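What follows is a single structure, written as structure tokens, with notes after it.
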Amino acid sequence: MLIPNVFRAALLALLLLASQVAAQQPEEINYDTWENFASQAEAALDDRDTSDGQIDSIRERATEWRERFEQAENINGPRIETLKEQIATLGPEPAEGEEEAEDVASRRERLNEQLAELQAPAVRATEAFSRAEALVMHADEIERMREAREILAETASPLMPTSWAAAAEDFRATVSGVADEAGSMWADRGRIESVPRLMLFLLAAAGLIYARQLVEFLPSWLGSRTRGDARAVVAFLVSLAQILVPMIGIFLFAYALDATGLFGQWTTPLLLSMPLAGLVFFSGRWLVSVAFASTAVAYDTLNLPPKQRNLARYYGTGLAVVTAIHAWLANSMLPLSGFVRRDNAPPLIPYEVSQAGAGVVHFILLLAGAFFMFQLANILRRLTKYDGSDSPPLRARFLSFLGRFLRLFVVAVIAAMMFGYVNGANAFFWPMVKTLWLIGLLVLIQDFLVDLYSLMRGDRDTVTASLFPVLVGTALTILSLPLFALIWGASLADLRESWTQILQGVTLGGIKLSPGAVVTFLIVFALGYLLTGWVKSAMRTQILPRTRLDQGAQTAFVSGVGYIGIFLAALIAITSAGFDLSSLAIVAGALSVGIGFGMQNIVSNFVSGIILLIERPISVGDWVEAGGQQGFVQDVSVRSTRIKTFDQTDVIVPNSDLISQSVTNWTRGNARGRIIVPVGVAYGTDTRKVERILMEIAEDQPTVLFDPPPAVLFQNFGADSLDFEIRAILSDINGGLGVMSEIRHQIAARFAEEGIEIPFAQRDVWLRNPEALRADGDSKDKENDAPEAPPEEPSLPPPDKRTIAEFPSDGDGEGDY
């Protein structure tokens with residue numbers, strides 16, 4: 001009893017805490033302070049000389065005020081709703097010229113006064129919220145304009161000789177400063193504080209040299225000793241050590257050198273930038289080594305030939321080296337991107353690199369990086385060709401398109417750099433490198449999650465062919481959007497602003513969509529859908545089999561429950577999410593006309609399906625003939641009916657055809673049915689004897705009913721035979737073909753025993769003037785030389801009226817006439 005009591009107490013405590021939080025009122029807002037700040041902020045934002053730091057400060061404070069106003073918009077919410085309900089109970093306000101009871105009018109006036117008083121703080125908060133949001137948007141606009149001007153700023157071309165001279169001077173000054181400081185520090189090497197710290201340096205060097213080789217060999221070694229789906233999972237997790245171990249060595253290396261005290265203001269920035277550069281290099285090297293592995297542990301991430309795989313790994317590593325150098329210089333010598341440096345950025349060397357010299361450094365780094373990116377793009381753009389299939393996967397098609405785009409991108413960036421747009425070239429090239437790195441990381445993470453799920457399921461082929469990889473890829477893409485935004489210049493404040501706008505919702509067609517409303521709708525609808533499926537399963541397996549309903553009625557009832565359940569689930573989900581569909585009534589009415597004309601067949605089939613489910617002229621299992629097709633009904637839905645024919649093919653018949661056209665249902669109500677077996681005997685046979693034999697054969701069949709009894713009919717004097725028919729009613733028409741086949745077998749056997757002949761048709765052909773045909777064959781060679789002979793007189797036809805006719809045979813091989 002102790003655990004339930006503790007659980008009950010904890011639950012009550014949580015409910016009490018939630019009620020207290022809900023009952024809390026927003027803190028009181030000093031609107032005078034807000035007015036002063038807003039006025040000063042608007043004046044500062046209108047001033048062009050306001051610094052970037054001041055704009056950031058204004059934006060941050062305006063965001064804080066906006067959050068407070070947003071909370072104050074919901075003040076007195078429950079009391080306001082209560083007053084609105086009380087006013088609604090008084091009825092609608094009287095129209096102009098009408099009067100209402102005095103007590104009702106006074107009551108309405110008091111309630112309206114109270115409502116206005118309660119709504120006043122929320123109205124004021126809403127007005128202040130709009131003003132704060134305008135300040136935030138104005139600050140963002142100013143920052144974007146300044147960044148755009150900085151990106152599009154034109155400087156001296158790095159191809160100019162003066163730019164190279166300035167770069168040489170900057171290089172000389174930097175090397176001289178670092179060398180002088182290193183020399184003075186080495187001369188004062190007695191300042192080394194402790195020898196144990198130097199041991200960290202040795203440990204870091206050992207980690208970089210030996211441990212790196214071990215972790216590069218470890219994934220393939222462990223993967224080869226792991227079986228099944230666990231091979232790829234283990235190899236991926238172990239491969240992360242290729243980043244972690246070298247980074248630990250670099251941090252220890254930098255810390256040990258810094259602890260010696262031999263580094264000053266020139267060399268310390270270079271030292272502190274090493275970990276970041278190492279992270280860029282080792283992460284990029286890990287990415288290309290896993291994506292373009294020379295020997296796949298479990299499978300190939302990308303379908304590439306061995307030669308292209310090796311080249312891709314080489315060019316990817318080169319791009320990682322250039323990017324690491326760029327990161328090292330950008331955080332130690334000069335802000336290569338040209339943008340504002342953050343307060344937490346590492347310090348720069350005490351030398352201001354000239355703009356022309358920085359342009360040359362930019363050009364060299366970008367040219368090297370562009371070469372490797374261009375070569376890598378050449379390999380990626382042929383992925384669909386290397387795949388070899390008629391329909392390459394989406395990943396191959398996307399990376400192939402990316403490769404073709406990167407080729408054009410690299411050419412455009414180099415051209416912009418050569419014309420002096422240094423900041424613009426940097427602002428596009430290096431983010432593109434990071435974007436390429438992030439895309440590769442998403443590909444590897446998707447494969448890892450699929451491998452992990454396959455390991456849990458134990459069936460990789462089923463998981464790969466399922467919808468799971470697509471859902472994982474979609475989720476990773478959506479979750480990575482903020483990272484892509486950060487790569488391309490967005491700040492955390494921009495992301496917070498975007499998230500605030502998303503939380504506030506987007507109005508589409510009079511409906512306000514917000515993440516909360518969408519999630520509520522999806523959760524409620526999913527629960528309703530699952531509940532509907534559970535009810536259908538219970539009806540189909542537990543309840544309906546115990547009733548007297550046949551199988552067709554049970555199927556119709558289960559289908560109706562399913563449609564009603566889904567409709568109710570959607571209706572409850574829409575109501576729970578707070579969607580107001582009244583504003584869409586007019587639009588829906590207008591669209592319904594167009595949809596009605598465009599979807600006449602679908603609506604007709606839907607209505608026909610409902611009629612079939614209600615009237616049930618056909619049911620599952622019936623043998624029907626419709627539209628020239630015969631077979632057994634397999635399923636009756638609201639749009640179509642599926643019939644399995646006797647050659648085991650499925651035929652989908654629209655429900656409207658079953659309602660508007662004639663349908664033969666052989667087994668509706670009961671399985672009885674009539675068969676007709678025709679048979680002919682030769683002329684001269686005793687017809688009564690034939691009738692008696694055929695009746696015995698029909699009565700001998702076990703499924704032939706005696707009420708009504710079978711019948712043998714002398715149908716006709718045929719051209720070749722005396723025609724009889726056996727007509728019988730079977731207890732199960734589904735076996736009709738087998739019964740007819742058995743009757744024919746017995747007829748053949750009995751007739752052979754009784755000496756009764758089953759005739760077959762014979763034909764005599766009368767040829768007129770056969771000698772003319774022989775003469776024509778003999779005179780073919782002389783037809784060009786000899787004159788044409790006059791036509792012979794036609795001979796008289798035989799006494800019969802027909803020249804070519806059919807005559808019954810009398811057994812002597814000649815026709816009678």
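Residues are named by chain letter and number: chains run A, B, ... in the order of the structure tokens, numbers start at 1 in each chain, and ligands are numbered from 1 in the order shown.
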
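Around Ser289 in chain A, within 10 Å and counting only C-alpha atoms, the residues found are Glu216, Ser239, Gln242, Ser283, Gly284, Ser294, Arg309, Asn310, Ala312, Arg313, Tyr314, Gly316 and Thr317 of chain A, once anything fewer than 5 positions away on its own chain is removed.
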
Would you mind exporting the chosen residues as a PDB file, in the first residue's frame, restricted to N, CA, C and O atoms?
```
ATOM      1  N   GLU A 216      41.810   4.531 -36.467  1.00  0.00           N
ATOM      2  CA  GLU A 216      41.497   4.392 -37.885  1.00  0.00           C
ATOM      3  C   GLU A 216      41.390   2.925 -38.293  1.00  0.00           C
ATOM      4  O   GLU A 216      40.642   2.576 -39.204  1.00  0.00           O
ATOM      5  N   SER A 239      33.902   4.424 -35.071  1.00  0.00           N
ATOM      6  CA  SER A 239      34.584   5.383 -35.948  1.00  0.00           C
ATOM      7  C   SER A 239      34.570   6.797 -35.384  1.00  0.00           C
ATOM      8  O   SER A 239      35.400   7.630 -35.772  1.00  0.00           O
ATOM      9  N   GLN A 242      37.685   8.466 -34.178  1.00  0.00           N
ATOM     10  CA  GLN A 242      38.609   9.145 -35.078  1.00  0.00           C
ATOM     11  C   GLN A 242      38.549  10.662 -34.920  1.00  0.00           C
ATOM     12  O   GLN A 242      39.466  11.364 -35.350  1.00  0.00           O
ATOM     13  N   SER A 283      37.009  16.169 -38.178  1.00  0.00           N
ATOM     14  CA  SER A 283      35.621  15.853 -38.485  1.00  0.00           C
ATOM     15  C   SER A 283      35.419  15.702 -39.994  1.00  0.00           C
ATOM     16  O   SER A 283      34.702  14.793 -40.453  1.00  0.00           O
ATOM     17  N   GLY A 284      36.051  16.589 -40.774  1.00  0.00           N
ATOM     18  CA  GLY A 284      35.949  16.452 -42.221  1.00  0.00           C
ATOM     19  C   GLY A 284      36.619  15.188 -42.724  1.00  0.00           C
ATOM     20  O   GLY A 284      36.084  14.498 -43.611  1.00  0.00           O
ATOM     21  N   SER A 294      37.247   2.827 -48.421  1.00  0.00           N
ATOM     22  CA  SER A 294      37.838   1.981 -49.461  1.00  0.00           C
ATOM     23  C   SER A 294      37.300   0.554 -49.380  1.00  0.00           C
ATOM     24  O   SER A 294      37.092  -0.104 -50.393  1.00  0.00           O
ATOM     25  N   ARG A 309      35.946   6.289 -55.651  1.00  0.00           N
ATOM     26  CA  ARG A 309      35.864   6.332 -54.192  1.00  0.00           C
ATOM     27  C   ARG A 309      37.180   6.836 -53.587  1.00  0.00           C
ATOM     28  O   ARG A 309      37.187   7.668 -52.674  1.00  0.00           O
ATOM     29  N   ASN A 310      38.290   6.355 -54.104  1.00  0.00           N
ATOM     30  CA  ASN A 310      39.597   6.810 -53.623  1.00  0.00           C
ATOM     31  C   ASN A 310      39.822   8.287 -53.949  1.00  0.00           C
ATOM     32  O   ASN A 310      40.351   9.050 -53.122  1.00  0.00           O
ATOM     33  N   ALA A 312      37.469  10.559 -54.368  1.00  0.00           N
ATOM     34  CA  ALA A 312      36.589  11.352 -53.516  1.00  0.00           C
ATOM     35  C   ALA A 312      37.166  11.490 -52.121  1.00  0.00           C
ATOM     36  O   ALA A 312      37.073  12.563 -51.500  1.00  0.00           O
ATOM     37  N   ARG A 313      37.761  10.429 -51.613  1.00  0.00           N
ATOM     38  CA  ARG A 313      38.383  10.517 -50.292  1.00  0.00           C
ATOM     39  C   ARG A 313      39.595  11.461 -50.309  1.00  0.00           C
ATOM     40  O   ARG A 313      39.807  12.229 -49.358  1.00  0.00           O
ATOM     41  N   TYR A 314      40.330  11.449 -51.385  1.00  0.00           N
ATOM     42  CA  TYR A 314      41.489  12.341 -51.501  1.00  0.00           C
ATOM     43  C   TYR A 314      41.051  13.807 -51.600  1.00  0.00           C
ATOM     44  O   TYR A 314      41.560  14.674 -50.868  1.00  0.00           O
ATOM     45  N   GLY A 316      38.128  15.100 -50.750  1.00  0.00           N
ATOM     46  CA  GLY A 316      37.449  15.499 -49.523  1.00  0.00           C
ATOM     47  C   GLY A 316      38.418  15.822 -48.410  1.00  0.00           C
ATOM     48  O   GLY A 316      38.215  16.779 -47.650  1.00  0.00           O
ATOM     49  N   THR A 317      39.484  15.037 -48.287  1.00  0.00           N
ATOM     50  CA  THR A 317      40.509  15.327 -47.278  1.00  0.00           C
ATOM     51  C   THR A 317      41.214  16.641 -47.585  1.00  0.00           C
ATOM     52  O   THR A 317      41.500  17.433 -46.670  1.00  0.00           O
TER      53      THR A 317
END
```

Nearby residues (only C-alpha atoms) at most 12 Å from Val739 in chain A, same-chain spacing under 4 positions excluded, as a ChimeraX atom specification = /A:673-677,697-704,726-735,743-746

For Leu406 in chain A, which residue among A:Met373, A:Ala38, A:Ala120, A:Ala493 is the nearest when counting only C-alpha atoms?
-> A:Met373

Please provide as a ChimeraX atom specification all residues within 12 Å of range 485-491 of chain A, with the sequence filter that same-chain residues fewer than 2 positions apart are discarded (counting only C-alpha atoms).
-> /A:56,140,143-144,147-148,151,337,339-340,342,426-438,478-483,493-498

Those residues with N, CA and C atoms, as a JSON list (two decimals), in the first residue's frame please?
```
[["chain", "number", "residue", "atom", "x", "y", "z"],
["A", 56, "ASP", "N", 22.10, 45.49, -31.35],
["A", 56, "ASP", "CA", 21.89, 44.19, -30.72],
["A", 56, "ASP", "C", 21.28, 44.34, -29.34],
["A", 140, "ASP", "N", 16.18, 43.94, -36.87],
["A", 140, "ASP", "CA", 16.60, 42.87, -37.78],
["A", 140, "ASP", "C", 16.81, 43.39, -39.19],
["A", 143, "GLU", "N", 20.16, 45.23, -39.36],
["A", 143, "GLU", "CA", 21.30, 44.31, -39.37],
["A", 143, "GLU", "C", 21.44, 43.62, -40.71],
["A", 144, "ARG", "N", 20.32, 43.23, -41.30],
["A", 144, "ARG", "CA", 20.40, 42.58, -42.61],
["A", 144, "ARG", "C", 20.92, 43.53, -43.68],
["A", 147, "GLU", "N", 24.70, 43.93, -43.19],
["A", 147, "GLU", "CA", 25.43, 42.75, -43.64],
["A", 147, "GLU", "C", 25.43, 42.65, -45.16],
["A", 148, "ALA", "N", 24.32, 43.00, -45.78],
["A", 148, "ALA", "CA", 24.26, 42.96, -47.24],
["A", 148, "ALA", "C", 25.24, 43.95, -47.85],
["A", 151, "ILE", "N", 28.70, 42.51, -47.50],
["A", 151, "ILE", "CA", 28.97, 41.41, -48.41],
["A", 151, "ILE", "C", 29.22, 41.93, -49.82],
["A", 337, "SER", "N", 36.24, 36.59, -42.76],
["A", 337, "SER", "CA", 34.92, 36.77, -43.35],
["A", 337, "SER", "C", 34.53, 38.22, -43.46],
["A", 339, "PHE", "N", 33.06, 39.98, -41.19],
["A", 339, "PHE", "CA", 31.90, 40.30, -40.38],
["A", 339, "PHE", "C", 32.34, 40.66, -38.96],
["A", 340, "VAL", "N", 31.36, 41.08, -38.17],
["A", 340, "VAL", "CA", 31.64, 41.52, -36.80],
["A", 340, "VAL", "C", 32.04, 40.32, -35.96],
["A", 342, "ARG", "N", 32.46, 38.21, -32.53],
["A", 342, "ARG", "CA", 31.73, 38.11, -31.28],
["A", 342, "ARG", "C", 32.67, 38.33, -30.10],
["A", 426, "ASN", "N", 33.67, 34.97, -49.83],
["A", 426, "ASN", "CA", 33.82, 34.23, -48.58],
["A", 426, "ASN", "C", 32.47, 33.92, -47.94],
["A", 427, "ALA", "N", 31.54, 34.88, -48.03],
["A", 427, "ALA", "CA", 30.24, 34.69, -47.40],
["A", 427, "ALA", "C", 29.44, 33.57, -48.06],
["A", 428, "PHE", "N", 29.80, 33.18, -49.29],
["A", 428, "PHE", "CA", 29.08, 32.09, -49.96],
["A", 428, "PHE", "C", 29.87, 30.79, -50.00],
["A", 429, "PHE", "N", 31.20, 30.88, -50.15],
["A", 429, "PHE", "CA", 31.97, 29.65, -50.34],
["A", 429, "PHE", "C", 32.08, 28.83, -49.07],
["A", 430, "TRP", "N", 32.55, 29.44, -47.99],
["A", 430, "TRP", "CA", 32.77, 28.65, -46.77],
["A", 430, "TRP", "C", 31.47, 28.14, -46.16],
["A", 431, "PRO", "N", 30.38, 28.90, -46.16],
["A", 431, "PRO", "CA", 29.11, 28.26, -45.75],
["A", 431, "PRO", "C", 28.70, 27.09, -46.64],
["A", 432, "MET", "N", 29.04, 27.16, -47.94],
["A", 432, "MET", "CA", 28.72, 26.03, -48.81],
["A", 432, "MET", "C", 29.53, 24.81, -48.41],
["A", 433, "VAL", "N", 30.77, 25.00, -48.00],
["A", 433, "VAL", "CA", 31.58, 23.87, -47.51],
["A", 433, "VAL", "C", 30.93, 23.25, -46.28],
["A", 434, "LYS", "N", 30.48, 24.10, -45.35],
["A", 434, "LYS", "CA", 29.81, 23.58, -44.15],
["A", 434, "LYS", "C", 28.49, 22.90, -44.50],
["A", 435, "THR", "N", 27.79, 23.45, -45.48],
["A", 435, "THR", "CA", 26.54, 22.82, -45.92],
["A", 435, "THR", "C", 26.80, 21.43, -46.49],
["A", 436, "LEU", "N", 27.83, 21.31, -47.29],
["A", 436, "LEU", "CA", 28.19, 20.01, -47.85],
["A", 436, "LEU", "C", 28.55, 19.03, -46.75],
["A", 437, "TRP", "N", 29.27, 19.53, -45.73],
["A", 437, "TRP", "CA", 29.63, 18.67, -44.59],
["A", 437, "TRP", "C", 28.38, 18.23, -43.84],
["A", 438, "LEU", "N", 27.42, 19.12, -43.63],
["A", 438, "LEU", "CA", 26.21, 18.79, -42.89],
["A", 438, "LEU", "C", 25.34, 17.80, -43.67],
["A", 478, "ILE", "N", 14.12, 18.17, -41.34],
["A", 478, "ILE", "CA", 13.40, 19.22, -40.63],
["A", 478, "ILE", "C", 14.18, 19.68, -39.41],
["A", 479, "LEU", "N", 14.75, 18.73, -38.67],
["A", 479, "LEU", "CA", 15.51, 19.09, -37.46],
["A", 479, "LEU", "C", 16.80, 19.84, -37.79],
["A", 480, "SER", "N", 17.34, 19.62, -38.99],
["A", 480, "SER", "CA", 18.59, 20.27, -39.36],
["A", 480, "SER", "C", 18.40, 21.66, -39.95],
["A", 481, "LEU", "N", 17.18, 22.09, -40.18],
["A", 481, "LEU", "CA", 16.95, 23.41, -40.77],
["A", 481, "LEU", "C", 17.56, 24.53, -39.94],
["A", 482, "PRO", "N", 17.45, 24.52, -38.60],
["A", 482, "PRO", "CA", 18.14, 25.58, -37.83],
["A", 482, "PRO", "C", 19.65, 25.57, -38.03],
["A", 483, "LEU", "N", 20.25, 24.40, -38.19],
["A", 483, "LEU", "CA", 21.70, 24.35, -38.43],
["A", 483, "LEU", "C", 22.06, 24.95, -39.78],
["A", 493, "ALA", "N", 19.42, 34.76, -32.16],
["A", 493, "ALA", "CA", 18.28, 35.66, -31.99],
["A", 493, "ALA", "C", 17.30, 35.52, -33.16],
["A", 494, "ASP", "N", 17.85, 35.34, -34.37],
["A", 494, "ASP", "CA", 16.98, 35.14, -35.52],
["A", 494, "ASP", "C", 16.18, 33.84, -35.39],
["A", 495, "LEU", "N", 16.83, 32.80, -34.90],
["A", 495, "LEU", "CA", 16.13, 31.54, -34.72],
["A", 495, "LEU", "C", 15.05, 31.66, -33.65],
["A", 496, "ARG", "N", 15.36, 32.36, -32.56],
["A", 496, "ARG", "CA", 14.34, 32.56, -31.52],
["A", 496, "ARG", "C", 13.17, 33.36, -32.08],
["A", 497, "GLU", "N", 13.46, 34.35, -32.90],
["A", 497, "GLU", "CA", 12.39, 35.15, -33.50],
["A", 497, "GLU", "C", 11.54, 34.29, -34.43],
["A", 498, "SER", "N", 12.18, 33.44, -35.21],
["A", 498, "SER", "CA", 11.42, 32.57, -36.11],
["A", 498, "SER", "C", 10.56, 31.59, -35.32]]
```

For Phe374 in chain A, list every protein, DNA or RNA residue within 12 Å, evaluated using only C-alpha atoms, and leave out those in the same chain fewer than 5 positions away; present the list as a ChimeraX atom specification.
-> /A:312,315-316,318-319,366-369,379-381,402-414,429,433

Please give the complete set of residues from range 390-535 of chain A that DSSP, run on the backbone, assigns to strand (DSSP E), formatted as a list in words.
-> Val506, Thr507, Leu508, Ile511, Lys512 and Leu513 of chain A

Just N, CA and C atoms for this one: save the residues we selected as a PDB file, in the first residue's frame.
```pdb
ATOM      1  N   VAL A 506       0.300  30.735 -38.044  1.00  0.00           N
ATOM      2  CA  VAL A 506       0.139  31.336 -39.360  1.00  0.00           C
ATOM      3  C   VAL A 506      -1.324  31.209 -39.761  1.00  0.00           C
ATOM      4  N   THR A 507      -1.901  32.310 -40.234  1.00  0.00           N
ATOM      5  CA  THR A 507      -3.313  32.323 -40.617  1.00  0.00           C
ATOM      6  C   THR A 507      -3.439  31.989 -42.095  1.00  0.00           C
ATOM      7  N   LEU A 508      -4.168  30.926 -42.388  1.00  0.00           N
ATOM      8  CA  LEU A 508      -4.417  30.487 -43.761  1.00  0.00           C
ATOM      9  C   LEU A 508      -5.912  30.297 -43.940  1.00  0.00           C
ATOM     10  N   ILE A 511      -8.031  30.300 -40.832  1.00  0.00           N
ATOM     11  CA  ILE A 511      -7.675  29.328 -39.798  1.00  0.00           C
ATOM     12  C   ILE A 511      -6.261  29.623 -39.330  1.00  0.00           C
ATOM     13  N   LYS A 512      -6.071  29.720 -38.033  1.00  0.00           N
ATOM     14  CA  LYS A 512      -4.768  30.017 -37.472  1.00  0.00           C
ATOM     15  C   LYS A 512      -4.079  28.706 -37.116  1.00  0.00           C
ATOM     16  N   LEU A 513      -2.997  28.426 -37.834  1.00  0.00           N
ATOM     17  CA  LEU A 513      -2.245  27.203 -37.612  1.00  0.00           C
ATOM     18  C   LEU A 513      -1.046  27.500 -36.741  1.00  0.00           C
TER      19      LEU A 513
END
```

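Those residues that approach Leu530 in chain A to within 10 Å, counting only C-alpha atoms, are Val524, Phe525, Ala526, Trp534, Val535, Lys536, Gly565, Ile566 and Ala569 of chain A; same-chain residues fewer than 4 positions away are not listed.
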
Shortest interatomic distance to Ile758 in chain A - which of A:Leu279, A:Ala682, A:Leu45, A:Ile87, counting only C-alpha atoms =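 Closest candidate: A:Ala682.
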
Mind pulling up the distance from CA of Leu441 in chain A to CA of Ala291 in chain A?
-> 9.0 Å

Residues at most 10 Å from Gly278 in chain A, counting only C-alpha atoms, excluding those fewer than 4 positions away in the same chain, as a list in words?
-> Ile243, Pro246, Met247, Gly249, Ile250, Phe251, Ser273, Met274, Phe282, Ser283, Gly284, Ala320, Val321, Ala324, Ile325, Ala327 and Trp328 of chain A

Per-residue DSSP, range 245-447 of chain A, filtered to alpha helix (DSSP H), as number ranges by chain | A: 245-259, 267-272, 274-291, 306-330, 355-380, 383-387, 394-418, 422-447

When you draw a straight line from CA of Ile611 in chain A to CA of Pro545 in chain A, how long is it in Å?
->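 Calculated distance between CA of Ile611 in chain A and CA of Pro545 in chain A is 23.2 Å.
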